[in-house]
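Q: I have a structure I would like to understand better, so I am pasting it below and will then ask my questions one at a time.
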Amino acid sequence: MLKSFVEDFAKSLEIVDKKVSPAKNARTGEEYDKGIGPYQEKLLIEHVVSNMKEENSELYKDIQLEVKYPNDRKRCDVVLNNNLFIEVKAVRKMRNNGIHEEFLVNHILSPYEADHSFLTDTKKLLESGFEGKKAVVMYGYDYPDFPIDLILGCFELLSEKYFCKLAEQYEHPFEGLIHPIHKKGKVKGYLLDNLN
């Protein structure tokens, strides 16, 4: 199920990229360049999952977004068939204007729960109280000077040493995006298990 989700998320990201209106800066209202690349996580997930439902209504008829954790105020990004609970994160080293995103590494690799990183999402999800399989999925952009596999490799090493077992891994590339900076990348999903 996670394998299909990862592949379909990547394919729908390519489709949605050509359709969405430009994202806007939340503070200034300034329009960014066209394409899905600058979209905030929550909006991007909404657009992509909506397209996934259009493309395969049978497989994704029981998909929900923003489902409250049983033992926390936090919300789970995606729940599939009430059996697969998925947290989704963006890996975007460059901003719309080509400036480096200085907080990306913290956003992905911080070991401290207060930072709400991709790494600490694994622990939160495993301890969430949800009954079913748990996974984290990231969608990220690849740049010549900042290969995405490097930060994902760091995530994998740290998570398996301190946070969880990565029981299964699936990835699927996307490319041909219309944004001048966020042009290609991959979606990668990890099925989680407890360390012990």
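By convention in this document, the chains of the structure tokens carry letters A, B, ... by their order, each chain's residues are numbered from 1, and ligands are numbered from 1 in the order they are shown.
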Env of Phe118 of chain A: 9 Å cut, atoms = only C-alpha atoms, seq-sep filter 5 positions within chain, self excluded. Answer as a ChimeraX atom specification.

A: /A:87-90,107-110,136-138,155

Q: Mind dumping the selected residues with C-alpha atoms as a short mmCIF file (atom, residue, chain, number, x, y, z; two decimals), in the first residue's frame?

A:
```cif
data_model
loop_
_atom_site.label_atom_id
_atom_site.label_comp_id
_atom_site.auth_asym_id
_atom_site.auth_seq_id
_atom_site.Cartn_x
_atom_site.Cartn_y
_atom_site.Cartn_z
CA GLU A 87 3.32 11.94 8.08
CA VAL A 88 4.55 13.91 5.05
CA LYS A 89 7.45 16.39 4.91
CA ALA A 90 8.96 18.57 2.19
CA HIS A 107 13.49 20.72 9.65
CA ILE A 108 14.54 17.21 8.60
CA LEU A 109 17.21 16.03 11.05
CA SER A 110 16.75 17.74 14.41
CA VAL A 136 6.75 8.81 6.93
CA VAL A 137 6.89 10.09 3.37
CA MET A 138 8.98 12.94 2.08
CA PHE A 155 17.92 10.75 7.99
#
```

Q: Excluding same-chain residues fewer than 3 positions from Asn81 of chain A, what lies within 7 Å of it counting only C-alpha atoms, as an MDAnalysis selection string?

A: chainID A and resid 62:63 84

Q: Could you save the residues just selected, with C-alpha atoms, as an mmCIF file, in the first residue's frame?

A:
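Result saved to result_16.cif:
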```cif
data_model
loop_
_atom_site.group_PDB
_atom_site.id
_atom_site.type_symbol
_atom_site.label_atom_id
_atom_site.label_comp_id
_atom_site.auth_asym_id
_atom_site.auth_seq_id
_atom_site.Cartn_x
_atom_site.Cartn_y
_atom_site.Cartn_z
ATOM 1 C CA ASP A 62 -10.930 6.017 1.914
ATOM 2 C CA ILE A 63 -8.159 8.581 2.221
ATOM 3 C CA LEU A 84 -1.900 3.332 7.114
#
```

Q: For atom CA of Ile148 of chain A and atom CA of Glu175 of chain A, determine how far apart the two atoms are, in Å to one decimal place.

A: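 Atom CA of Glu175 of chain A lies 13.7 Å from atom CA of Ile148 of chain A.
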
Q: What are the DSSP strand (DSSP E or B) residues of segment 29-71 of chain A, as a ChimeraX atom specification?

A: /A:31,63-68

Q: How many Å separate atom CA of Lys34 of chain A from atom CA of Lys19 of chain A?

A: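 Atom CA of Lys19 of chain A lies 9.4 Å from atom CA of Lys34 of chain A.
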
Q: Give me the residues near segment 10-12 of chain A as a VMD selection string, where near means some atom within 12 Å (using only C-alpha atoms) and where sequence neighbours in that chain fewer than 2 positions away do not count.

A: chain A and resid 3 to 8 14 to 20 36 44 to 56 137 to 141 170 to 177 184 to 189

Q: For the structure I just gave you, how does DSSP split segment 58-146 of chain A - specifically, which residues are helix (DSSP H, G or I)? Reply as a VMD selection string.

A: chain A and resid 104 to 109 113 to 115 118 to 126

Q: Output the selection as a short mmCIF file (atom, residue, chain, number, x, y, z; two decimals), in the first residue's frame - N, CA and C atoms for each residue.

A:
```cif
data_model
loop_
_atom_site.label_atom_id
_atom_site.label_comp_id
_atom_site.auth_asym_id
_atom_site.auth_seq_id
_atom_site.Cartn_x
_atom_site.Cartn_y
_atom_site.Cartn_z
N LEU A 104 16.55 24.05 6.59
CA LEU A 104 16.15 22.74 6.07
C LEU A 104 16.70 21.59 6.89
N VAL A 105 17.98 21.62 7.21
CA VAL A 105 18.59 20.51 7.93
C VAL A 105 17.91 20.32 9.28
N ASN A 106 17.63 21.40 9.97
CA ASN A 106 16.92 21.33 11.24
C ASN A 106 15.52 20.75 11.04
N HIS A 107 14.85 21.15 9.98
CA HIS A 107 13.49 20.72 9.65
C HIS A 107 13.42 19.20 9.41
N ILE A 108 14.51 18.64 8.90
CA ILE A 108 14.54 17.21 8.60
C ILE A 108 15.22 16.40 9.70
N LEU A 109 16.35 16.88 10.22
CA LEU A 109 17.21 16.03 11.05
C LEU A 109 17.29 16.38 12.53
N GLU A 113 12.24 17.01 19.87
CA GLU A 113 10.81 17.01 19.57
C GLU A 113 10.25 18.41 19.34
N ALA A 114 10.76 19.40 20.06
CA ALA A 114 10.25 20.77 19.93
C ALA A 114 10.42 21.32 18.52
N ASP A 115 11.35 20.75 17.73
CA ASP A 115 11.60 21.23 16.38
C ASP A 115 10.67 20.62 15.33
N PHE A 118 11.31 15.84 10.57
CA PHE A 118 10.99 14.56 9.92
C PHE A 118 11.46 13.41 10.80
N LEU A 119 12.61 13.60 11.45
CA LEU A 119 13.17 12.57 12.33
C LEU A 119 12.28 12.33 13.55
N THR A 120 11.86 13.38 14.22
CA THR A 120 11.03 13.19 15.42
C THR A 120 9.60 12.79 15.08
N ASP A 121 9.16 13.06 13.84
CA ASP A 121 7.84 12.56 13.41
C ASP A 121 7.76 11.04 13.51
N THR A 122 8.88 10.37 13.31
CA THR A 122 8.86 8.90 13.38
C THR A 122 8.45 8.43 14.77
N LYS A 123 9.05 9.01 15.79
CA LYS A 123 8.75 8.63 17.18
C LYS A 123 7.32 9.01 17.56
N LYS A 124 6.93 10.22 17.19
CA LYS A 124 5.57 10.67 17.51
C LYS A 124 4.52 9.75 16.89
N LEU A 125 4.76 9.36 15.65
CA LEU A 125 3.80 8.50 14.96
C LEU A 125 3.75 7.11 15.59
N LEU A 126 4.92 6.56 15.92
CA LEU A 126 4.94 5.23 16.54
C LEU A 126 4.25 5.23 17.91
#
```

Q: When distances are computed from only C-alpha atoms, which of A:Pro38, A:Glu160, A:Leu43, A:Ala167 shows the smallest separation from Glu66 of chain A?

A: A:Leu43
